[in-house]
Structure formats: structure tokens, C-alpha cells
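Dropping input_12.csv in here (CSV, C-alpha atoms):
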```csv
chain,number,residue,atom,x,y,z
W,226,ALA,CA,-54.3,12.1,-48.7
W,227,ALA,CA,-57.0,13.0,-46.2
W,228,SER,CA,-57.3,9.3,-45.3
W,229,ASP,CA,-53.5,9.1,-44.7
W,230,VAL,CA,-53.7,12.0,-42.3
W,231,TYR,CA,-56.7,10.4,-40.5
W,232,LYS,CA,-54.8,7.1,-40.2
W,233,ARG,CA,-51.7,8.8,-38.8
W,234,GLN,CA,-53.8,10.7,-36.2
W,235,VAL,CA,-55.5,7.5,-35.1
W,236,LYS,CA,-52.2,5.7,-34.9
W,237,GLU,CA,-50.7,8.5,-32.8
W,238,ALA,CA,-53.7,8.3,-30.4
W,239,LEU,CA,-53.2,4.6,-29.6
W,240,PRO,CA,-52.4,4.2,-25.9
W,241,TRP,CA,-49.4,1.9,-26.4
W,242,ARG,CA,-47.7,4.3,-28.8
W,243,GLN,CA,-44.8,6.3,-27.2
W,244,SER,CA,-45.2,10.0,-26.8
W,245,SER,CA,-44.8,11.8,-30.1
W,246,TYR,CA,-43.3,14.7,-28.2
W,247,SER,CA,-40.1,12.9,-27.1
W,248,ALA,CA,-38.7,13.5,-30.6
W,249,TYR,CA,-38.7,17.2,-29.9
W,250,GLN,CA,-36.8,17.1,-26.6
W,251,PHE,CA,-33.5,18.1,-28.3
W,252,LEU,CA,-34.9,21.6,-29.1
W,253,SER,CA,-34.7,22.7,-25.5
W,254,GLU,CA,-30.9,22.0,-25.6
W,255,ARG,CA,-30.2,23.3,-29.1
W,256,THR,CA,-32.4,26.4,-29.6
W,257,GLY,CA,-32.8,29.5,-27.5
W,258,GLN,CA,-35.9,31.2,-26.2
W,259,TYR,CA,-35.7,34.0,-28.8
W,260,ASP,CA,-34.5,31.9,-31.8
W,261,VAL,CA,-36.9,31.9,-34.8
W,262,ILE,CA,-37.7,28.4,-36.0
W,263,LEU,CA,-39.3,27.8,-39.4
W,264,SER,CA,-41.3,24.5,-39.6
W,265,ASP,CA,-44.4,23.2,-41.3
W,266,LEU,CA,-47.7,24.4,-39.8
W,267,ARG,CA,-48.5,21.2,-37.9
W,268,THR,CA,-45.0,20.8,-36.4
W,269,SER,CA,-44.9,24.4,-35.4
W,270,LEU,CA,-47.6,23.9,-32.9
W,271,VAL,CA,-45.2,21.8,-30.7
W,272,VAL,CA,-42.0,23.9,-31.1
W,273,PRO,CA,-42.6,26.7,-28.6
W,274,ALA,CA,-43.1,24.2,-25.8
W,275,PHE,CA,-39.4,23.1,-26.2
W,276,GLY,CA,-37.7,26.3,-27.3
W,277,GLY,CA,-37.7,29.1,-29.7
W,278,LYS,CA,-40.4,31.0,-31.6
W,279,VAL,CA,-42.1,29.9,-34.8
W,280,VAL,CA,-43.0,32.0,-37.9
W,281,ALA,CA,-46.5,30.7,-38.0
W,282,HIS,CA,-48.8,27.8,-37.0
W,283,LYS,CA,-52.4,26.9,-37.3
W,284,LEU,CA,-53.5,29.0,-34.4
W,285,PRO,CA,-53.3,32.7,-34.8
W,286,LEU,CA,-50.8,33.7,-32.1
W,287,LEU,CA,-48.5,36.4,-33.3
W,288,PHE,CA,-44.8,35.7,-32.6
W,289,ILE,CA,-43.3,38.0,-35.2
W,290,PRO,CA,-44.7,41.5,-35.3
W,291,GLY,CA,-45.3,43.4,-38.5
W,292,TYR,CA,-46.7,40.6,-40.7
W,293,GLU,CA,-50.3,39.5,-41.0
W,294,TYR,CA,-51.3,36.0,-39.9
W,295,ASP,CA,-52.5,35.0,-43.3
W,296,GLU,CA,-49.3,36.2,-45.0
W,297,ARG,CA,-47.2,34.1,-42.6
W,298,LEU,CA,-49.4,31.0,-43.1
W,299,GLU,CA,-48.9,31.4,-46.9
W,300,ASP,CA,-45.2,31.9,-46.6
W,301,VAL,CA,-44.7,28.9,-44.4
W,302,SER,CA,-46.9,26.7,-46.6
W,303,HIS,CA,-45.1,27.9,-49.7
W,304,PHE,CA,-41.6,27.4,-48.2
W,305,PHE,CA,-42.4,23.7,-47.7
W,306,ALA,CA,-44.1,23.2,-51.0
W,307,SER,CA,-42.2,21.3,-53.7
W,308,GLY,CA,-42.6,24.2,-56.2
W,309,CYS,CA,-40.8,26.7,-54.0
W,310,THR,CA,-37.4,27.8,-55.4
W,311,THR,CA,-34.3,28.3,-53.4
W,312,GLY,CA,-34.5,32.0,-54.0
W,313,GLU,CA,-38.0,32.2,-52.7
W,314,ARG,CA,-37.0,30.2,-49.6
W,315,LEU,CA,-34.1,32.5,-48.9
W,316,THR,CA,-36.4,35.5,-49.2
W,317,ILE,CA,-38.7,33.9,-46.6
W,318,ILE,CA,-35.8,33.1,-44.3
W,319,LYS,CA,-34.6,36.7,-44.5
W,320,LYS,CA,-38.1,38.2,-44.1
W,321,TYR,CA,-38.6,36.5,-40.8
W,322,GLY,CA,-35.1,36.4,-39.5
W,323,VAL,CA,-35.1,32.6,-39.3
W,324,ASP,CA,-32.3,31.0,-37.2
W,325,TYR,CA,-33.3,27.4,-37.6
W,326,ILE,CA,-35.4,25.3,-40.0
W,327,LEU,CA,-37.1,22.2,-38.5
W,328,VAL,CA,-38.0,19.7,-41.1
W,329,ASN,CA,-40.5,17.0,-40.2
W,330,LYS,CA,-39.8,14.1,-42.4
W,331,GLU,CA,-43.3,12.8,-42.2
W,332,MET,CA,-44.9,16.1,-43.1
W,333,THR,CA,-42.5,17.3,-45.8
W,334,THR,CA,-42.5,15.8,-49.3
W,335,ASN,CA,-39.0,15.3,-50.5
W,336,TRP,CA,-37.5,16.4,-47.2
W,337,GLU,CA,-34.0,15.2,-48.4
W,338,GLY,CA,-34.2,17.5,-51.4
W,339,LEU,CA,-35.1,20.5,-49.2
W,340,VAL,CA,-32.3,19.8,-46.8
W,341,ASP,CA,-29.8,19.4,-49.7
W,342,THR,CA,-31.0,22.6,-51.3
W,343,LEU,CA,-30.4,24.6,-48.0
W,344,SER,CA,-27.1,22.9,-47.2
W,345,PRO,CA,-25.0,25.9,-48.6
W,346,TYR,CA,-26.8,28.2,-46.2
W,347,GLY,CA,-26.6,26.2,-43.0
W,348,GLU,CA,-25.8,22.8,-41.5
W,349,ILE,CA,-27.6,19.9,-39.9
W,350,ASP,CA,-27.5,20.6,-36.2
W,351,PHE,CA,-29.5,17.6,-35.1
W,352,GLU,CA,-31.4,14.7,-36.8
W,353,ASN,CA,-33.5,11.8,-35.5
W,354,GLU,CA,-36.0,9.5,-37.1
W,355,GLN,CA,-38.7,12.1,-37.4
W,356,LEU,CA,-36.9,15.5,-37.5
W,357,VAL,CA,-34.0,17.4,-39.0
W,358,LEU,CA,-32.9,20.7,-37.5
W,359,LEU,CA,-30.9,23.0,-39.8
W,360,SER,CA,-28.9,25.8,-38.2
W,361,LEU,CA,-28.6,28.7,-40.6
W,362,ASN,CA,-25.4,30.6,-40.8
W,363,GLN,CA,-25.2,32.4,-44.2
W,364,ALA,CA,-28.8,32.9,-45.3
W,365,ARG,CA,-29.4,36.0,-43.2
```
How does the structure come out when it is put into C-alpha cells?
Amino acid sequence: AASDVYKRQVKEALPWRQSSYSAYQFLSERTGQYDVILSDLRTSLVVPAFGGKVVAHKLPLLFIPGYEYDERLEDVSHFFASGCTTGERLTIIKKYGVDYILVNKEMTTNWEGLVDTLSPYGEIDFENEQLVLLSLNQAR
């Protein structure tokens, strides 16, 4: 698995590869400055540049007061883990007041299952080859 991550990083660094940030442009049109976006820890590093706030990312910048950094990292990691139940996911959504879930297809195992599981609580607001943005309406 570590070698796959290394290969992907090398591939993304190649000069003839298009900017990996272009896939995120839609966020500036679809999310607001104060919207809370839940995404995996790697993808969350990019999100604030385009719109919204994230629950957690790899660098300890506190966007949501009242919760410790380690706790937020754990919650985000658990949310995207295959063993997380729908009930646990809804608890995390409510805990942080999540408005959107941004699913990175490359970073999320069984991303289709995750999106299907959450479909009763929101709808797909946007999708491209790399990302799916779920807008939540009933989960909070």
C-alpha cells in the first residue's frame, strides 16, 4: 500500500501532468466560506483554498472549536473506514455540523458504497472523475 501511495505521488509530480487542483474548482461555486466539509485527511488539505472549512486535516489547524485535534483526526479516519456503520457516520456528521461530504474516489475504499449509504441523508451536488460532493439535508 505504501508503494502505491509513493507511485501516485511520483505520478502527480510529473511536469506534463495537469494540475491536480483543477478537479476542486467546483467547490468555490458550490460551497460557502462557512460551510463545514468532511473529507479524508489528504483531500482536506486542499479544500479550504476553494471554499468551506474542514473537520480535520494532517496539519493541526483548528477550524472547529471545542474538539481536540487527535479526536477530530480519529473521527475523520473512522468515518472513511470500511468498518464504520451508518449510525457512527451520522454521529460524526452531527458532532461537527457537517454541511457537505467530499469523497475522493482515489482515497476512499468502496466510495460507491459510502455514497449509497449516505444517499437517504443528502444528495450528490457535484461529481467529476476524482470527487463526489454530497450535500447533506436531513442528517443534521
What would the list of residues within 12 Å of (-35.1, 18.3, -47.3) (file frame) look like as a PyMOL selection string, if only C-alpha atoms are what count? chain W and resi 264+304-307+311+326-344+348-349+352+356-359
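Coordinates place atom CA of W:Asn353 at a distance of 21.2 Å from atom CA of W:Val323.
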What's the separation between atom CA of W:Asn362 and atom CA of W:Leu284, in Å to one decimal place? 28.9 Å
Tell me which protein, DNA and RNA residues are within 8 Å of stretch 270-272 of chain W, counting all atoms listed in the file, leaving out same-chain ones fewer than 6 positions away, and put them as a PyMOL selection string. chain W and resi 246+249+252+262+278-279+282-284
What's the separation between atom CA of W:Pro345 and atom CA of W:Cys309, in Å to one decimal place?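 Computed distance, atom CA of W:Pro345 to atom CA of W:Cys309, equals 16.7 Å.
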Out of W:Asp265, W:Asp350, W:Asp324, W:Glu293, which residue has the shortest atom-to-atom distance to W:Gly277 when counting all atoms listed in the file? W:Asp324
Residue nearest W:Thr256 - candidates W:Ala274, W:Gln355, W:Tyr325, W:Gly347, atoms counted: all atoms listed in the file: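 The answer is W:Tyr325, which sits nearest to W:Thr256.
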